[in-house]
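Below is one structure; the comments refer to it alone.
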Amino acid sequence: MELRDTIPGMLSLDYKERFTAEYEQLSIRALKLETFIDSYRHGRLSFKPTCNIELLEQQLDIMKAYIAVLEERAKIEGVNVR
């Protein structure tokens, strides 16, 4: 799934569909950031990032925590996000 695939859900009038789209977007972004960090760590990037890896790792940790919050909310609200 790509970010563009989540657009219909983000535009939905149904909050559960918007919730699911938010979860999907965050999951996609976190996975891409994790891949980027791995490439950064192993010297596989074609450029030198200006941001240090520790800040990117902090961002990823926060994104993972946000995903966990959304998963807990999904259980409570009966939203299928998986």
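Ligands are numbered from 1 in the order shown, chains are lettered A, B, ... in the order of the structure tokens, and residues start at 1 in each chain.
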
Show which residues sit within 9 Å of Gln25 of chain A, as a list in words. Count only C-alpha atoms, and ignore same-chain residues fewer than 6 positions away. Glu2, Leu3 and Thr6 of chain A

Selected residues written out, N, CA and C atoms, as an mmCIF file, in the first residue's frame:
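Result file is again_12.cif:
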```cif
data_model
loop_
_atom_site.group_PDB
_atom_site.id
_atom_site.type_symbol
_atom_site.label_atom_id
_atom_site.label_comp_id
_atom_site.auth_asym_id
_atom_site.auth_seq_id
_atom_site.Cartn_x
_atom_site.Cartn_y
_atom_site.Cartn_z
ATOM 1 N N GLU A 2 0.456 2.238 -0.720
ATOM 2 C CA GLU A 2 1.151 3.523 -0.792
ATOM 3 C C GLU A 2 0.285 4.601 -0.144
ATOM 4 N N LEU A 3 0.902 5.718 0.192
ATOM 5 C CA LEU A 3 0.152 6.816 0.803
ATOM 6 C C LEU A 3 -1.048 7.221 -0.042
ATOM 7 N N THR A 6 -4.459 5.731 0.522
ATOM 8 C CA THR A 6 -5.211 6.067 1.739
ATOM 9 C C THR A 6 -6.091 7.303 1.560
#
```

Can you pull out the residues contacting Glu71 of chain A? Cut-off 9 Å, using only C-alpha atoms, and skip same-chain residues under 4 positions away; I want them as a list in words.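 Once the adjacent positions are removed, what remains is Tyr23, Tyr66, Ile67, Lys75, Ile76, Val79, Asn80, Val81 and Arg82 of chain A.
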
For a quick check of understanding, using only C-alpha atoms, which of A:Met1, A:Leu55, A:Met63, A:Leu33 has the smallest distance to Ala21 of chain A?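 Checking each of A:Met1, A:Leu55, A:Met63, A:Leu33 against Ala21 of chain A, counting only C-alpha atoms, the winner is A:Met1.
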
Every residue of chain A that DSSP places in alpha helix (DSSP H), as a VMD selection string: chain A and resid 7 to 11 15 to 41 53 to 77

Looking at only C-alpha atoms, which of A:Arg4, A:Glu17, A:Ser12, A:Leu60 is the one that sits closest to Thr35 of chain A?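 Residue with the minimum atom-to-atom distance to Thr35 of chain A: A:Leu60.
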
Test item: residues at most 12 Å from Phe47 of chain A, only C-alpha atoms, excluding those fewer than 6 positions along its chain, as a JSON list (two decimals) with N, CA, C and O atoms, in the first residue's frame:
```
[["chain", "number", "residue", "atom", "x", "y", "z"],
["A", 36, "PHE", "N", 14.85, 4.01, 5.83],
["A", 36, "PHE", "CA", 15.81, 5.09, 5.61],
["A", 36, "PHE", "C", 16.90, 5.06, 6.68],
["A", 36, "PHE", "O", 18.09, 5.16, 6.36],
["A", 39, "SER", "N", 19.30, 2.26, 6.04],
["A", 39, "SER", "CA", 20.21, 2.61, 4.94],
["A", 39, "SER", "C", 21.25, 3.63, 5.40],
["A", 39, "SER", "O", 22.41, 3.55, 5.02],
["A", 40, "TYR", "N", 20.82, 4.59, 6.19],
["A", 40, "TYR", "CA", 21.72, 5.61, 6.75],
["A", 40, "TYR", "C", 22.79, 4.94, 7.60],
["A", 40, "TYR", "O", 23.99, 5.19, 7.44]]
```

If you measure from atom CA of Cys51 of chain A to atom CA of Asp38 of chain A, what distance in Å do you get, rounded to one decimal? 14.3 Å

Best match for closeness to Ile53 of chain A among A:Leu70, A:Glu24, A:Arg18, A:Glu34, counting only C-alpha atoms: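 Once distances to Ile53 of chain A are computed over only C-alpha atoms, the minimum belongs to A:Glu34.
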
Measure the distance from atom CA of Gly43 of chain A to atom CA of Leu56 of chain A in Å and round it to one decimal.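 So the answer is 15.1 Å.
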
Would you mind reading off the distance between atom CA of Leu13 of chain A and atom CA of Leu31 of chain A, one decimal, in Å?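 Taking atom CA of Leu13 of chain A as the start and atom CA of Leu31 of chain A as the end point, the length is 27.2 Å.
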